[in-house]
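Q: Quick one: this structure, given as structure tokens, is what I'll be asking you about.
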Amino acid sequence: MHHLTKTHPGTHRPTARPSRLRGLAMLAAVLLLPLLIACTPAKDRRSFGTVIDDQKLEVKVLDALFTKPEFDTGDHVKIEAHRGVVLLAGEVKNERNKVLATETAAAVKGVERVVNELAVMPAADAGGRLNNSYITSKVNTKLTLSDPVPGMDAARIKVISARGTVYLMGTVSRDDGEAVAEIVRNIGGVKKVVKVFDYTD
């Protein structure tokens, strides 16, 4: 998952940002990927190529959003991709930026669908973001230990949290997706569950 952040509110990105930076961002994502996979509770059944593609798509969407001067430190956008579906979660400072985020992400090559769950409100502070991370960790641990769907690797499910809402992504059957969502609904601190699954049926 990637986050959109800017250091200086209202300042524009340099007009001639070196393309080398984009290449470095892509390279960093690829180099960090083995570490990220190693930290997952179980082996991801997606092919290595698919995982790389998801990571690249997240970076491309992040880069596209970063070109927009409308976004600044008043916006906190989380970007998660799965097989061409891009989830935008977090907070933006106005309705125009919410719409712009969808338009910008949808225009990126490789994006098939955009799910915009951005809230128009002040960006989460450090405490709020820490709580999101804590909830995500709890959900991942619970799914790994509870084994809601026998034979299904819990690491197939991507978990993203924002303001107590948990977003679930992955490729599952409808029954399996509902079984996973039911487990998550009963975890302390989870206020709402949103399924952004790619269904096999």
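Residue numbering restarts at 1 in every chain; chains get A, B, ... in the order shown in the structure tokens, and ligands count up from 1 in that same order.
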Neighbouring residues of Thr141 of chain A were defined as those with any atom within 12 Å, considering only C-alpha atoms; residues of the same chain fewer than 3 positions away were excluded. Please report them as a PyMOL selection string.

A: chain A and resi 39-42+134-138+144-148+154-155+157+159+183-184+187

Q: Using DSSP secondary structure from the backbone, list all strand (DSSP E) positions within segment 35-175 of chain A, as a PyMOL selection string.

A: chain A and resi 76-82+85-92+113-120+158-162+165-172

Q: Excluding Arg129 of chain A and residues on its chain fewer than 3 positions from it, collect all residues at most 10 Å away from it, counting only C-alpha atoms, and give them as a list of chain:residue names.

A: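 Within the cut-off, the hits are A:His76, A:Gly90, A:Ala123, A:Ala124, A:Asp125, A:Ala126, A:Asn132, A:Ser133, A:Tyr134, A:Ile135, A:Ser161, A:Ala162, A:Arg163.
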
Q: With a distance cut-off of 10 Å and only C-alpha atoms, select the neighbouring residues of segment 93-110 of chain A, excluding the residue or stretch itself and same-chain residues fewer than 2 positions from it, and output the selection as an MDAnalysis selection string.

A: chainID A and resid 53:54 56:58 60:68 70:77 79 83:88 91 112:123

Q: Kindly save the residues from that selection, with C-alpha atoms included, as a JSON list (two decimals), in the first residue's frame.

A:
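Output (result-v6.json):
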```json
[["chain", "number", "residue", "atom", "x", "y", "z"],
["A", 53, "ASP", "CA", 2.17, -5.66, -11.02],
["A", 54, "ASP", "CA", 0.04, -4.55, -8.07],
["A", 56, "LYS", "CA", 3.86, -1.02, -9.81],
["A", 57, "LEU", "CA", 0.28, 0.10, -10.30],
["A", 58, "GLU", "CA", 0.17, 1.61, -6.81],
["A", 60, "LYS", "CA", 1.97, 4.79, -10.88],
["A", 61, "VAL", "CA", -1.27, 6.00, -9.26],
["A", 62, "LEU", "CA", 0.71, 7.67, -6.48],
["A", 63, "ASP", "CA", 2.90, 9.43, -9.02],
["A", 64, "ALA", "CA", -0.14, 10.57, -11.02],
["A", 65, "LEU", "CA", -1.78, 12.04, -7.93],
["A", 66, "PHE", "CA", 1.46, 13.71, -6.89],
["A", 67, "THR", "CA", 1.49, 15.75, -10.11],
["A", 68, "LYS", "CA", -1.72, 17.48, -9.06],
["A", 70, "GLU", "CA", -4.60, 20.48, -5.69],
["A", 71, "PHE", "CA", -3.34, 17.84, -3.26],
["A", 72, "ASP", "CA", -1.30, 18.93, -0.24],
["A", 73, "THR", "CA", -0.77, 18.02, 3.41],
["A", 74, "GLY", "CA", -4.49, 18.44, 4.01],
["A", 75, "ASP", "CA", -4.98, 15.21, 2.06],
["A", 76, "HIS", "CA", -4.08, 11.70, 3.20],
["A", 77, "VAL", "CA", -4.71, 9.14, 0.47],
["A", 79, "ILE", "CA", -3.62, 3.52, -2.40],
["A", 83, "ARG", "CA", -5.53, -7.09, -10.28],
["A", 84, "GLY", "CA", -6.34, -3.72, -11.83],
["A", 85, "VAL", "CA", -8.73, -2.60, -9.09],
["A", 86, "VAL", "CA", -7.47, 0.44, -7.19],
["A", 87, "LEU", "CA", -8.80, 1.34, -3.76],
["A", 88, "LEU", "CA", -8.49, 4.92, -2.54],
["A", 91, "GLU", "CA", -9.18, 11.70, 3.85],
["A", 112, "GLU", "CA", -9.56, -1.20, -14.63],
["A", 113, "ARG", "CA", -11.71, 0.09, -11.79],
["A", 114, "VAL", "CA", -11.40, 2.68, -9.04],
["A", 115, "VAL", "CA", -13.13, 2.26, -5.68],
["A", 116, "ASN", "CA", -13.14, 5.66, -4.02],
["A", 117, "GLU", "CA", -13.70, 5.43, -0.26],
["A", 118, "LEU", "CA", -12.13, 8.80, 0.54],
["A", 119, "ALA", "CA", -13.84, 10.88, 3.21],
["A", 120, "VAL", "CA", -14.08, 14.66, 2.95],
["A", 121, "MET", "CA", -12.70, 15.64, 6.34],
["A", 122, "PRO", "CA", -9.44, 16.65, 8.04],
["A", 123, "ALA", "CA", -6.61, 14.19, 7.48]]
```

Q: Which residue, A:Pro150, A:His3, A:Arg174, A:Lys142, has the smallest gap to Ala89 of chain A when you use only C-alpha atoms?

A: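 Checking each of A:Pro150, A:His3, A:Arg174, A:Lys142 against Ala89 of chain A, counting only C-alpha atoms, the winner is A:His3.
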
Q: Using only C-alpha atoms, find the one residue out of A:His2, A:Lys192, A:Arg156, A:Arg185 that sits nearest to Ala81 of chain A.

A: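 Nearest candidate to Ala81 of chain A out of A:His2, A:Lys192, A:Arg156, A:Arg185: A:His2.
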
Q: Figure out the distance between atom CA of Met1 of chain A and atom CA of Val149 of chain A, please, to one decimal in Å.

A: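 Straight-line distance from atom CA of Val149 of chain A to atom CA of Met1 of chain A works out to 24.6 Å.
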
Q: How many Å separate atom CA of Pro69 of chain A from atom CA of His82 of chain A?

A: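 About the pair atom CA of Pro69 of chain A and atom CA of His82 of chain A: they are 26.9 Å apart.
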
Q: One number please: atom CA of Phe197 of chain A to atom CA of Val59 of chain A, in Å, one decimal.

A: 20.9 Å
